[in-house]
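Enquirer: What follows is query03.cif, mmCIF, N, CA, C and O atoms.
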data_final
#
loop_
_atom_site.label_atom_id
_atom_site.label_comp_id
_atom_site.auth_asym_id
_atom_site.auth_seq_id
_atom_site.Cartn_x
_atom_site.Cartn_y
_atom_site.Cartn_z
N MET A 1 146.96 -145.55 61.92
CA MET A 1 147.82 -144.81 62.81
C MET A 1 148.10 -145.61 64.09
O MET A 1 149.20 -145.56 64.60
N GLU A 2 147.10 -146.31 64.57
CA GLU A 2 147.27 -147.11 65.79
C GLU A 2 148.31 -148.21 65.59
O GLU A 2 149.02 -148.58 66.52
N SER A 3 148.41 -148.74 64.36
CA SER A 3 149.38 -149.81 64.10
C SER A 3 150.81 -149.30 64.19
O SER A 3 151.72 -150.06 64.50
N ALA A 4 151.03 -148.03 63.94
CA ALA A 4 152.37 -147.44 64.04
C ALA A 4 152.67 -146.95 65.46
O ALA A 4 153.83 -146.74 65.81
N LEU A 5 151.63 -146.80 66.26
CA LEU A 5 151.82 -146.28 67.62
C LEU A 5 152.49 -147.29 68.54
O LEU A 5 153.38 -146.94 69.32
N LYS A 6 152.09 -148.55 68.43
CA LYS A 6 152.63 -149.57 69.35
C LYS A 6 154.14 -149.74 69.20
O LYS A 6 154.86 -149.72 70.21
N PRO A 7 154.68 -149.90 67.97
CA PRO A 7 156.14 -149.99 67.86
C PRO A 7 156.85 -148.74 68.37
O PRO A 7 157.91 -148.84 69.01
N PHE A 8 156.26 -147.58 68.14
CA PHE A 8 156.85 -146.33 68.64
C PHE A 8 156.92 -146.36 70.16
O PHE A 8 157.95 -146.02 70.75
N ARG A 9 155.84 -146.77 70.81
CA ARG A 9 155.80 -146.78 72.28
C ARG A 9 156.84 -147.75 72.84
O ARG A 9 157.55 -147.42 73.79
N VAL A 10 156.91 -148.94 72.27
CA VAL A 10 157.88 -149.93 72.74
C VAL A 10 159.30 -149.41 72.58
O VAL A 10 160.12 -149.49 73.50
N LEU A 11 159.58 -148.84 71.41
CA LEU A 11 160.93 -148.34 71.16
C LEU A 11 161.26 -147.13 72.02
O LEU A 11 162.40 -146.95 72.44
N ALA A 12 160.27 -146.28 72.29
CA ALA A 12 160.52 -145.12 73.15
C ALA A 12 160.95 -145.58 74.54
O ALA A 12 161.89 -145.02 75.12
N TYR A 13 160.29 -146.58 75.07
CA TYR A 13 160.67 -147.10 76.38
C TYR A 13 162.04 -147.79 76.33
O TYR A 13 162.87 -147.59 77.22
N CYS A 14 162.27 -148.60 75.30
CA CYS A 14 163.56 -149.29 75.19
C CYS A 14 164.71 -148.29 75.06
O CYS A 14 165.74 -148.44 75.72
N VAL A 15 164.54 -147.29 74.21
CA VAL A 15 165.59 -146.28 74.03
C VAL A 15 165.79 -145.49 75.33
O VAL A 15 166.92 -145.21 75.71
N GLY A 16 164.71 -145.17 76.01
CA GLY A 16 164.82 -144.43 77.27
C GLY A 16 165.57 -145.22 78.33
O GLY A 16 166.46 -144.68 79.01
N VAL A 17 165.24 -146.48 78.46
CA VAL A 17 165.92 -147.32 79.45
C VAL A 17 167.40 -147.50 79.08
O VAL A 17 168.29 -147.38 79.94
N MET A 18 167.66 -147.76 77.80
CA MET A 18 169.05 -147.95 77.38
C MET A 18 169.86 -146.67 77.54
O MET A 18 171.05 -146.71 77.83
N LEU A 19 169.23 -145.52 77.35
CA LEU A 19 169.94 -144.25 77.55
C LEU A 19 170.30 -144.06 79.02
O LEU A 19 171.40 -143.59 79.34
N LEU A 20 169.40 -144.43 79.90
CA LEU A 20 169.72 -144.35 81.34
C LEU A 20 170.84 -145.32 81.71
O LEU A 20 171.75 -144.96 82.47
N VAL A 21 170.79 -146.52 81.15
CA VAL A 21 171.86 -147.49 81.40
C VAL A 21 173.18 -146.97 80.82
O VAL A 21 174.24 -147.12 81.43
N LEU A 22 173.10 -146.33 79.65
CA LEU A 22 174.30 -145.77 79.04
C LEU A 22 174.90 -144.66 79.91
O LEU A 22 176.13 -144.56 80.05
N CYS A 23 174.06 -143.84 80.51
CA CYS A 23 174.56 -142.79 81.41
C CYS A 23 175.30 -143.40 82.59
O CYS A 23 176.37 -142.92 82.97
N VAL A 24 174.73 -144.45 83.16
CA VAL A 24 175.40 -145.13 84.27
C VAL A 24 176.73 -145.73 83.79
O VAL A 24 177.76 -145.64 84.46
N ALA A 25 176.70 -146.32 82.59
CA ALA A 25 177.92 -146.93 82.04
C ALA A 25 179.00 -145.88 81.80
O ALA A 25 180.19 -146.14 82.03
N MET A 26 178.61 -144.69 81.37
CA MET A 26 179.59 -143.62 81.15
C MET A 26 180.19 -143.13 82.47
O MET A 26 181.38 -142.83 82.54
N VAL A 27 179.37 -143.06 83.50
CA VAL A 27 179.89 -142.68 84.83
C VAL A 27 180.88 -143.74 85.30
O VAL A 27 181.96 -143.42 85.82
N LEU A 28 180.53 -145.01 85.12
CA LEU A 28 181.44 -146.08 85.51
C LEU A 28 182.72 -146.04 84.70
O LEU A 28 183.82 -146.26 85.23
N ARG A 29 182.61 -145.74 83.41
CA ARG A 29 183.78 -145.72 82.55
C ARG A 29 184.72 -144.57 82.88
O ARG A 29 185.92 -144.77 83.06
N TYR A 30 184.18 -143.37 82.91
CA TYR A 30 185.04 -142.20 83.09
C TYR A 30 185.28 -141.84 84.56
O TYR A 30 186.25 -141.17 84.87
N GLY A 31 184.41 -142.29 85.43
CA GLY A 31 184.58 -142.00 86.84
C GLY A 31 185.37 -143.06 87.60
O GLY A 31 186.11 -142.75 88.53
N PHE A 32 185.21 -144.32 87.17
CA PHE A 32 185.82 -145.41 87.91
C PHE A 32 186.70 -146.33 87.06
O PHE A 32 187.24 -147.32 87.55
N GLY A 33 186.81 -146.02 85.77
CA GLY A 33 187.68 -146.81 84.89
C GLY A 33 187.14 -148.17 84.51
O GLY A 33 187.89 -149.03 84.05
N ILE A 34 185.84 -148.40 84.69
CA ILE A 34 185.22 -149.68 84.33
C ILE A 34 184.63 -149.52 82.92
O ILE A 34 183.60 -148.90 82.74
N GLU A 35 185.30 -150.11 81.93
CA GLU A 35 184.91 -149.88 80.53
C GLU A 35 184.02 -150.96 79.94
O GLU A 35 183.38 -150.74 78.92
N GLY A 36 183.96 -152.12 80.52
CA GLY A 36 183.25 -153.25 79.91
C GLY A 36 181.79 -152.99 79.61
O GLY A 36 181.30 -153.36 78.55
N ILE A 37 181.09 -152.35 80.51
CA ILE A 37 179.65 -152.13 80.34
C ILE A 37 179.38 -151.17 79.20
O ILE A 37 178.51 -151.42 78.36
N SER A 38 180.13 -150.10 79.11
CA SER A 38 179.88 -149.10 78.07
C SER A 38 180.18 -149.64 76.68
O SER A 38 179.56 -149.22 75.71
N ARG A 39 181.11 -150.56 76.57
CA ARG A 39 181.42 -151.15 75.26
C ARG A 39 180.25 -151.97 74.72
O ARG A 39 180.12 -152.14 73.52
N PHE A 40 179.44 -152.49 75.60
CA PHE A 40 178.25 -153.25 75.17
C PHE A 40 177.03 -152.34 75.02
O PHE A 40 176.29 -152.43 74.04
N VAL A 41 176.83 -151.46 75.97
CA VAL A 41 175.60 -150.66 76.02
C VAL A 41 175.55 -149.60 74.92
O VAL A 41 174.50 -149.37 74.33
N ALA A 42 176.67 -148.95 74.63
CA ALA A 42 176.68 -147.87 73.64
C ALA A 42 176.20 -148.32 72.26
O ALA A 42 175.32 -147.68 71.68
N PRO A 43 176.72 -149.42 71.70
CA PRO A 43 176.23 -149.83 70.39
C PRO A 43 174.76 -150.30 70.41
O PRO A 43 174.03 -150.07 69.46
N VAL A 44 174.35 -150.92 71.51
CA VAL A 44 172.96 -151.37 71.61
C VAL A 44 172.03 -150.16 71.62
O VAL A 44 171.01 -150.13 70.91
N HIS A 45 172.38 -149.15 72.41
CA HIS A 45 171.57 -147.93 72.43
C HIS A 45 171.55 -147.27 71.05
O HIS A 45 170.50 -146.84 70.57
N GLY A 46 172.69 -147.20 70.39
CA GLY A 46 172.76 -146.60 69.06
C GLY A 46 171.88 -147.33 68.06
O GLY A 46 171.17 -146.71 67.26
N PHE A 47 171.93 -148.66 68.09
CA PHE A 47 171.10 -149.46 67.19
C PHE A 47 169.61 -149.25 67.47
O PHE A 47 168.82 -149.02 66.55
N LEU A 48 169.23 -149.28 68.74
CA LEU A 48 167.82 -149.07 69.10
C LEU A 48 167.37 -147.65 68.74
O LEU A 48 166.23 -147.45 68.32
N TYR A 49 168.26 -146.68 68.87
CA TYR A 49 167.91 -145.31 68.53
C TYR A 49 167.63 -145.17 67.04
O TYR A 49 166.71 -144.46 66.64
N MET A 50 168.40 -145.86 66.21
CA MET A 50 168.15 -145.81 64.76
C MET A 50 166.78 -146.41 64.43
O MET A 50 166.05 -145.88 63.59
N ILE A 51 166.44 -147.50 65.08
CA ILE A 51 165.11 -148.09 64.86
C ILE A 51 164.02 -147.16 65.39
O ILE A 51 162.96 -147.02 64.78
N TYR A 52 164.29 -146.49 66.50
CA TYR A 52 163.35 -145.51 67.06
C TYR A 52 163.09 -144.40 66.04
O TYR A 52 161.95 -143.95 65.86
N LEU A 53 164.14 -143.93 65.36
CA LEU A 53 163.97 -142.88 64.35
C LEU A 53 163.05 -143.35 63.23
O LEU A 53 162.20 -142.58 62.75
N VAL A 54 163.20 -144.58 62.81
CA VAL A 54 162.34 -145.13 61.77
C VAL A 54 160.89 -145.21 62.27
O VAL A 54 159.95 -144.89 61.54
N ALA A 55 160.71 -145.61 63.52
CA ALA A 55 159.36 -145.70 64.08
C ALA A 55 158.72 -144.32 64.18
O ALA A 55 157.52 -144.17 63.91
N VAL A 56 159.50 -143.30 64.52
CA VAL A 56 158.97 -141.94 64.57
C VAL A 56 158.57 -141.49 63.17
O VAL A 56 157.50 -140.89 62.98
N MET A 57 159.41 -141.78 62.19
CA MET A 57 159.08 -141.41 60.80
C MET A 57 157.80 -142.11 60.35
O MET A 57 156.93 -141.48 59.73
N ASN A 58 157.69 -143.38 60.65
CA ASN A 58 156.50 -144.14 60.26
C ASN A 58 155.24 -143.55 60.88
O ASN A 58 154.25 -143.30 60.20
N LEU A 59 155.29 -143.31 62.17
CA LEU A 59 154.14 -142.74 62.87
C LEU A 59 153.86 -141.32 62.39
O LEU A 59 152.71 -140.95 62.15
N GLY A 60 154.90 -140.54 62.23
CA GLY A 60 154.73 -139.15 61.79
C GLY A 60 154.13 -139.04 60.41
O GLY A 60 153.30 -138.15 60.15
N MET A 61 154.53 -139.91 59.51
CA MET A 61 153.97 -139.88 58.15
C MET A 61 152.49 -140.30 58.16
O MET A 61 151.68 -139.71 57.46
N LYS A 62 152.18 -141.30 58.96
CA LYS A 62 150.78 -141.74 59.03
C LYS A 62 149.90 -140.70 59.71
O LYS A 62 148.74 -140.54 59.35
N ALA A 63 150.45 -140.00 60.70
CA ALA A 63 149.69 -138.99 61.42
C ALA A 63 149.74 -137.62 60.73
O ALA A 63 149.08 -136.69 61.16
N ARG A 64 150.57 -137.53 59.69
CA ARG A 64 150.74 -136.28 58.91
C ARG A 64 151.24 -135.13 59.78
O ARG A 64 150.71 -134.03 59.74
N TRP A 65 152.28 -135.42 60.53
CA TRP A 65 152.91 -134.39 61.34
C TRP A 65 153.89 -133.61 60.49
O TRP A 65 154.44 -134.12 59.51
N GLY A 66 154.19 -132.40 60.91
CA GLY A 66 155.19 -131.60 60.24
C GLY A 66 156.60 -132.03 60.66
O GLY A 66 156.79 -132.67 61.69
N TRP A 67 157.58 -131.64 59.86
CA TRP A 67 158.96 -132.01 60.15
C TRP A 67 159.46 -131.45 61.47
O TRP A 67 160.17 -132.16 62.20
N PRO A 68 159.15 -130.20 61.82
CA PRO A 68 159.65 -129.71 63.12
C PRO A 68 159.16 -130.54 64.29
O PRO A 68 159.91 -130.82 65.23
N TYR A 69 157.90 -130.97 64.25
CA TYR A 69 157.36 -131.79 65.34
C TYR A 69 158.05 -133.15 65.37
O TYR A 69 158.43 -133.64 66.43
N MET A 70 158.23 -133.76 64.19
CA MET A 70 158.89 -135.07 64.15
C MET A 70 160.33 -134.98 64.64
O MET A 70 160.80 -135.87 65.34
N LEU A 71 161.03 -133.91 64.29
CA LEU A 71 162.41 -133.75 64.76
C LEU A 71 162.45 -133.61 66.28
O LEU A 71 163.35 -134.14 66.93
N GLY A 72 161.48 -132.91 66.83
CA GLY A 72 161.40 -132.80 68.29
C GLY A 72 161.19 -134.15 68.95
O GLY A 72 161.80 -134.45 69.98
N ILE A 73 160.33 -134.96 68.35
CA ILE A 73 160.09 -136.31 68.88
C ILE A 73 161.35 -137.16 68.75
O ILE A 73 161.70 -137.93 69.66
N MET A 74 162.05 -137.01 67.64
CA MET A 74 163.29 -137.77 67.44
C MET A 74 164.34 -137.42 68.49
O MET A 74 165.08 -138.29 68.93
N LEU A 75 164.40 -136.18 68.89
CA LEU A 75 165.37 -135.77 69.90
C LEU A 75 165.03 -136.31 71.29
O LEU A 75 165.86 -136.26 72.19
N GLY A 76 163.82 -136.83 71.43
CA GLY A 76 163.41 -137.40 72.72
C GLY A 76 164.27 -138.56 73.15
O GLY A 76 164.36 -138.85 74.35
N GLY A 77 164.93 -139.23 72.23
CA GLY A 77 165.78 -140.36 72.58
C GLY A 77 167.20 -139.97 72.91
O GLY A 77 168.05 -140.84 73.10
N THR A 78 167.48 -138.67 72.97
CA THR A 78 168.85 -138.23 73.24
C THR A 78 169.03 -137.61 74.62
O THR A 78 170.16 -137.37 75.02
N VAL A 79 167.94 -137.34 75.32
CA VAL A 79 168.01 -136.72 76.64
C VAL A 79 167.42 -137.70 77.66
O VAL A 79 166.30 -138.18 77.47
N PRO A 80 168.18 -138.02 78.71
CA PRO A 80 167.65 -138.97 79.71
C PRO A 80 166.28 -138.54 80.25
O PRO A 80 166.06 -137.36 80.52
N PHE A 81 165.39 -139.48 80.37
CA PHE A 81 164.02 -139.34 80.87
C PHE A 81 163.08 -138.65 79.88
O PHE A 81 161.87 -138.72 80.05
N LEU A 82 163.58 -137.97 78.87
CA LEU A 82 162.72 -137.24 77.94
C LEU A 82 161.89 -138.19 77.08
O LEU A 82 160.74 -137.88 76.75
N SER A 83 162.42 -139.34 76.73
CA SER A 83 161.67 -140.25 75.87
C SER A 83 160.39 -140.75 76.56
O SER A 83 159.39 -140.99 75.90
N PHE A 84 160.41 -140.87 77.87
CA PHE A 84 159.21 -141.30 78.59
C PHE A 84 158.13 -140.22 78.53
O PHE A 84 156.96 -140.51 78.32
N PHE A 85 158.53 -138.99 78.71
CA PHE A 85 157.60 -137.85 78.61
C PHE A 85 157.07 -137.72 77.18
O PHE A 85 155.86 -137.55 76.97
N VAL A 86 157.95 -137.82 76.21
CA VAL A 86 157.56 -137.69 74.80
C VAL A 86 156.60 -138.81 74.41
O VAL A 86 155.60 -138.57 73.72
N GLU A 87 156.87 -140.01 74.87
CA GLU A 87 155.99 -141.15 74.54
C GLU A 87 154.58 -140.90 75.04
O GLU A 87 153.61 -141.14 74.33
N ARG A 88 154.45 -140.40 76.25
CA ARG A 88 153.13 -140.14 76.84
C ARG A 88 152.40 -139.06 76.05
O ARG A 88 151.23 -139.19 75.74
N ARG A 89 153.10 -137.98 75.70
CA ARG A 89 152.48 -136.88 74.95
C ARG A 89 152.07 -137.31 73.54
O ARG A 89 151.00 -136.96 73.07
N VAL A 90 152.92 -138.08 72.88
CA VAL A 90 152.60 -138.56 71.53
C VAL A 90 151.41 -139.50 71.57
O VAL A 90 150.51 -139.42 70.73
N THR A 91 151.37 -140.38 72.55
CA THR A 91 150.24 -141.31 72.67
C THR A 91 148.94 -140.54 72.87
O THR A 91 147.93 -140.85 72.23
N GLN A 92 148.95 -139.54 73.72
CA GLN A 92 147.75 -138.73 73.92
C GLN A 92 147.34 -138.02 72.64
O GLN A 92 146.15 -137.95 72.30
N ARG A 93 148.32 -137.50 71.91
CA ARG A 93 148.02 -136.79 70.66
C ARG A 93 147.44 -137.73 69.61
O ARG A 93 146.47 -137.38 68.94
N VAL A 94 148.00 -138.92 69.49
CA VAL A 94 147.50 -139.87 68.49
C VAL A 94 146.09 -140.32 68.86
O VAL A 94 145.23 -140.42 67.99
N HIS A 95 145.84 -140.58 70.13
CA HIS A 95 144.49 -140.98 70.54
C HIS A 95 143.49 -139.84 70.28
O HIS A 95 142.36 -140.10 69.86
N ALA A 96 143.91 -138.61 70.50
CA ALA A 96 143.03 -137.47 70.23
C ALA A 96 142.77 -137.33 68.74
O ALA A 96 141.63 -137.07 68.32
N GLN A 97 143.79 -137.52 67.91
CA GLN A 97 143.61 -137.45 66.47
C GLN A 97 142.70 -138.57 65.96
O GLN A 97 141.87 -138.36 65.10
N THR A 98 142.88 -139.75 66.52
CA THR A 98 142.05 -140.89 66.12
C THR A 98 140.60 -140.65 66.52
O THR A 98 139.69 -140.93 65.74
N ALA A 99 140.38 -140.12 67.70
CA ALA A 99 139.01 -139.82 68.16
C ALA A 99 138.38 -138.74 67.32
O ALA A 99 137.19 -138.82 66.96
N ALA A 100 139.15 -137.72 66.95
CA ALA A 100 138.61 -136.64 66.14
C ALA A 100 138.30 -137.09 64.72
O ALA A 100 137.32 -136.66 64.12
N ALA A 101 139.10 -138.01 64.20
CA ALA A 101 138.86 -138.52 62.85
C ALA A 101 137.64 -139.44 62.82
O ALA A 101 136.93 -139.49 61.81
N GLY A 102 137.40 -140.12 63.93
CA GLY A 102 136.26 -141.04 63.99
C GLY A 102 134.94 -140.32 64.27
O GLY A 102 133.85 -140.85 64.03
N ALA A 103 135.01 -139.10 64.76
CA ALA A 103 133.78 -138.38 65.14
C ALA A 103 133.13 -137.69 63.98
O ALA A 103 133.41 -137.53 62.93
#
Would you put the structure from the file into structure tokens?

Expert:
Amino acid sequence: MESALKPFRVLAYCVGVMLLVLCVAMVLRYGFGIEGISRFVAPVHGFLYMIYLVAVMNLGMKARWGWPYMLGIMLGGTVPFLSFFVERRVTQRVHAQTAAAGA
């Protein structure tokens, strides 16, 4: 389970940062007519989000989570700042599960 946690954590941060950059890019695009940044950032965020979904599935299957919980974690990459909160909660849960399994 620990081997699946590290890629999840890295991707959660990357997706979170890219989502914040995407929000800024959308404000620049629709508020000020500057389109160049959003044309680059949007596909990068989309690509990273797809990899994030795979990382959540990998971790969720190894941790034997239910589908509703995994779907909630997957939605963490769609709301600004939520992926950082979700990453912290998932890390705590995985460490608790690992400690309980080892005891």

Enquirer: Using only C-alpha atoms for the distances, tell me which of A:Val79, A:Val94, A:Ala25, A:Val10 is nearest to Gly60 of chain A.

Expert: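 Ranked by minimum distance to Gly60 of chain A, first place goes to A:Val94.
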
Enquirer: Report the distance between atom CA of Leu11 of chain A and atom CA of Met50 of chain A in Å, rounded to one decimal place.

Expert: 10.0 Å

Enquirer: State, in Å with one decimal place, the distance from atom N of Gly16 of chain A to atom CA of Ala100 of chain A.

Expert: 29.2 Å

Enquirer: Mind listing whatever residues come within 12 Å of the point (176.7, -144.8, 82.9)? Use only C-alpha atoms, file coordinates, and give them as a count of residues only.

Expert: 27

Enquirer: Calculated over all atoms listed in the file, which of the candidates A:Gly77, A:Leu82, A:Ser3, A:Phe8 has the smallest distance to Val56 of chain A?

Expert: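 Counting all atoms listed in the file, the residue closest to Val56 of chain A is A:Phe8.
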
Enquirer: By how many Å are atom CA of Ala55 of chain A and atom C of Thr98 of chain A apart?

Expert: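 Distance reported for this atom pair: 19.6 Å.
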
Enquirer: Starting from the shown file, work through the PyMOL selection byres (((chain A and resi 76 and name CA) around 12) and name CA) and note down what comes out as a PyMOL selection string.

Expert: chain A and resi 8+11-13+15-16+19+49+52-53+56+69-75+77-90

Enquirer: Generate a file of the selected residues that holds N, CA, C and O atoms, formatted as a compact mmCIF listing (two decimals), keeping the file's coordinate frame.

Expert:
# COMPACT_ATOMS: atom_id res chain seq x y z
N PHE A 8 156.26 -147.58 68.14
CA PHE A 8 156.85 -146.33 68.64
C PHE A 8 156.92 -146.36 70.16
O PHE A 8 157.95 -146.02 70.75
N LEU A 11 159.58 -148.84 71.41
CA LEU A 11 160.93 -148.34 71.16
C LEU A 11 161.26 -147.13 72.02
O LEU A 11 162.40 -146.95 72.44
N ALA A 12 160.27 -146.28 72.29
CA ALA A 12 160.52 -145.12 73.15
C ALA A 12 160.95 -145.58 74.54
O ALA A 12 161.89 -145.02 75.12
N TYR A 13 160.29 -146.58 75.07
CA TYR A 13 160.67 -147.10 76.38
C TYR A 13 162.04 -147.79 76.33
O TYR A 13 162.87 -147.59 77.22
N VAL A 15 164.54 -147.29 74.21
CA VAL A 15 165.59 -146.28 74.03
C VAL A 15 165.79 -145.49 75.33
O VAL A 15 166.92 -145.21 75.71
N GLY A 16 164.71 -145.17 76.01
CA GLY A 16 164.82 -144.43 77.27
C GLY A 16 165.57 -145.22 78.33
O GLY A 16 166.46 -144.68 79.01
N LEU A 19 169.23 -145.52 77.35
CA LEU A 19 169.94 -144.25 77.55
C LEU A 19 170.30 -144.06 79.02
O LEU A 19 171.40 -143.59 79.34
N TYR A 49 168.26 -146.68 68.87
CA TYR A 49 167.91 -145.31 68.53
C TYR A 49 167.63 -145.17 67.04
O TYR A 49 166.71 -144.46 66.64
N TYR A 52 164.29 -146.49 66.50
CA TYR A 52 163.35 -145.51 67.06
C TYR A 52 163.09 -144.40 66.04
O TYR A 52 161.95 -143.95 65.86
N LEU A 53 164.14 -143.93 65.36
CA LEU A 53 163.97 -142.88 64.35
C LEU A 53 163.05 -143.35 63.23
O LEU A 53 162.20 -142.58 62.75
N VAL A 56 159.50 -143.30 64.52
CA VAL A 56 158.97 -141.94 64.57
C VAL A 56 158.57 -141.49 63.17
O VAL A 56 157.50 -140.89 62.98
N TYR A 69 157.90 -130.97 64.25
CA TYR A 69 157.36 -131.79 65.34
C TYR A 69 158.05 -133.15 65.37
O TYR A 69 158.43 -133.64 66.43
N MET A 70 158.23 -133.76 64.19
CA MET A 70 158.89 -135.07 64.15
C MET A 70 160.33 -134.98 64.64
O MET A 70 160.80 -135.87 65.34
N LEU A 71 161.03 -133.91 64.29
CA LEU A 71 162.41 -133.75 64.76
C LEU A 71 162.45 -133.61 66.28
O LEU A 71 163.35 -134.14 66.93
N GLY A 72 161.48 -132.91 66.83
CA GLY A 72 161.40 -132.80 68.29
C GLY A 72 161.19 -134.15 68.95
O GLY A 72 161.80 -134.45 69.98
N ILE A 73 160.33 -134.96 68.35
CA ILE A 73 160.09 -136.31 68.88
C ILE A 73 161.35 -137.16 68.75
O ILE A 73 161.70 -137.93 69.66
N MET A 74 162.05 -137.01 67.64
CA MET A 74 163.29 -137.77 67.44
C MET A 74 164.34 -137.42 68.49
O MET A 74 165.08 -138.29 68.93
N LEU A 75 164.40 -136.18 68.89
CA LEU A 75 165.37 -135.77 69.90
C LEU A 75 165.03 -136.31 71.29
O LEU A 75 165.86 -136.26 72.19
N GLY A 77 164.93 -139.23 72.23
CA GLY A 77 165.78 -140.36 72.58
C GLY A 77 167.20 -139.97 72.91
O GLY A 77 168.05 -140.84 73.10
N THR A 78 167.48 -138.67 72.97
CA THR A 78 168.85 -138.23 73.24
C THR A 78 169.03 -137.61 74.62
O THR A 78 170.16 -137.37 75.02
N VAL A 79 167.94 -137.34 75.32
CA VAL A 79 168.01 -136.72 76.64
C VAL A 79 167.42 -137.70 77.66
O VAL A 79 166.30 -138.18 77.47
N PRO A 80 168.18 -138.02 78.71
CA PRO A 80 167.65 -138.97 79.71
C PRO A 80 166.28 -138.54 80.25
O PRO A 80 166.06 -137.36 80.52
N PHE A 81 165.39 -139.48 80.37
CA PHE A 81 164.02 -139.34 80.87
C PHE A 81 163.08 -138.65 79.88
O PHE A 81 161.87 -138.72 80.05
N LEU A 82 163.58 -137.97 78.87
CA LEU A 82 162.72 -137.24 77.94
C LEU A 82 161.89 -138.19 77.08
O LEU A 82 160.74 -137.88 76.75
N SER A 83 162.42 -139.34 76.73
CA SER A 83 161.67 -140.25 75.87
C SER A 83 160.39 -140.75 76.56
O SER A 83 159.39 -140.99 75.90
N PHE A 84 160.41 -140.87 77.87
CA PHE A 84 159.21 -141.30 78.59
C PHE A 84 158.13 -140.22 78.53
O PHE A 84 156.96 -140.51 78.32
N PHE A 85 158.53 -138.99 78.71
CA PHE A 85 157.60 -137.85 78.61
C PHE A 85 157.07 -137.72 77.18
O PHE A 85 155.86 -137.55 76.97
N VAL A 86 157.95 -137.82 76.21
CA VAL A 86 157.56 -137.69 74.80
C VAL A 86 156.60 -138.81 74.41
O VAL A 86 155.60 -138.57 73.72
N GLU A 87 156.87 -140.01 74.87
CA GLU A 87 155.99 -141.15 74.54
C GLU A 87 154.58 -140.90 75.04
O GLU A 87 153.61 -141.14 74.33
N ARG A 88 154.45 -140.40 76.25
CA ARG A 88 153.13 -140.14 76.84
C ARG A 88 152.40 -139.06 76.05
O ARG A 88 151.23 -139.19 75.74
N ARG A 89 153.10 -137.98 75.70
CA ARG A 89 152.48 -136.88 74.95
C ARG A 89 152.07 -137.31 73.54
O ARG A 89 151.00 -136.96 73.07
N VAL A 90 152.92 -138.08 72.88
CA VAL A 90 152.60 -138.56 71.53
C VAL A 90 151.41 -139.50 71.57
O VAL A 90 150.51 -139.42 70.73

Enquirer: Using only N, CA, C and O atoms for the distances, tell me which of A:Leu59, A:Val44, A:Val54, A:Ala101 is nearest to Leu5 of chain A.

Expert: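 Nearest to Leu5 of chain A: A:Leu59.
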
Enquirer: Could segment 27-31 of chain A be completed with all heavy atoms and returned as an mmCIF file, in the coordinates of the input?

Expert:
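Below is the file that was written, selection_22.cif:
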data_model
loop_
_atom_site.group_PDB
_atom_site.id
_atom_site.type_symbol
_atom_site.label_atom_id
_atom_site.label_comp_id
_atom_site.auth_asym_id
_atom_site.auth_seq_id
_atom_site.Cartn_x
_atom_site.Cartn_y
_atom_site.Cartn_z
ATOM 1 N N VAL A 27 179.370 -143.060 83.500
ATOM 2 C CA VAL A 27 179.890 -142.680 84.830
ATOM 3 C C VAL A 27 180.880 -143.740 85.300
ATOM 4 O O VAL A 27 181.960 -143.420 85.820
ATOM 5 C CB VAL A 27 178.737 -142.500 85.845
ATOM 6 C CG1 VAL A 27 179.271 -142.386 87.258
ATOM 7 C CG2 VAL A 27 177.907 -141.283 85.477
ATOM 8 N N LEU A 28 180.530 -145.010 85.120
ATOM 9 C CA LEU A 28 181.440 -146.080 85.510
ATOM 10 C C LEU A 28 182.720 -146.040 84.700
ATOM 11 O O LEU A 28 183.820 -146.260 85.230
ATOM 12 C CB LEU A 28 180.761 -147.444 85.354
ATOM 13 C CG LEU A 28 179.629 -147.759 86.321
ATOM 14 C CD1 LEU A 28 178.958 -149.071 85.951
ATOM 15 C CD2 LEU A 28 180.147 -147.800 87.750
ATOM 16 N N ARG A 29 182.610 -145.740 83.410
ATOM 17 C CA ARG A 29 183.780 -145.720 82.550
ATOM 18 C C ARG A 29 184.720 -144.570 82.880
ATOM 19 O O ARG A 29 185.920 -144.770 83.060
ATOM 20 C CB ARG A 29 183.335 -145.629 81.088
ATOM 21 C CG ARG A 29 184.476 -145.616 80.113
ATOM 22 C CD ARG A 29 183.990 -145.573 78.693
ATOM 23 N NE ARG A 29 185.104 -145.731 77.790
ATOM 24 C CZ ARG A 29 184.975 -145.989 76.516
ATOM 25 N NH1 ARG A 29 183.781 -146.120 75.976
ATOM 26 N NH2 ARG A 29 186.031 -146.118 75.750
ATOM 27 N N TYR A 30 184.180 -143.370 82.910
ATOM 28 C CA TYR A 30 185.040 -142.200 83.090
ATOM 29 C C TYR A 30 185.280 -141.840 84.560
ATOM 30 O O TYR A 30 186.250 -141.170 84.870
ATOM 31 C CB TYR A 30 184.468 -141.008 82.332
ATOM 32 C CG TYR A 30 184.492 -141.232 80.841
ATOM 33 C CD1 TYR A 30 183.312 -141.393 80.125
ATOM 34 C CD2 TYR A 30 185.690 -141.314 80.151
ATOM 35 C CE1 TYR A 30 183.332 -141.619 78.762
ATOM 36 C CE2 TYR A 30 185.732 -141.549 78.787
ATOM 37 C CZ TYR A 30 184.548 -141.698 78.099
ATOM 38 O OH TYR A 30 184.575 -141.932 76.746
ATOM 39 N N GLY A 31 184.410 -142.290 85.430
ATOM 40 C CA GLY A 31 184.580 -142.000 86.840
ATOM 41 C C GLY A 31 185.370 -143.060 87.600
ATOM 42 O O GLY A 31 186.110 -142.750 88.530
#
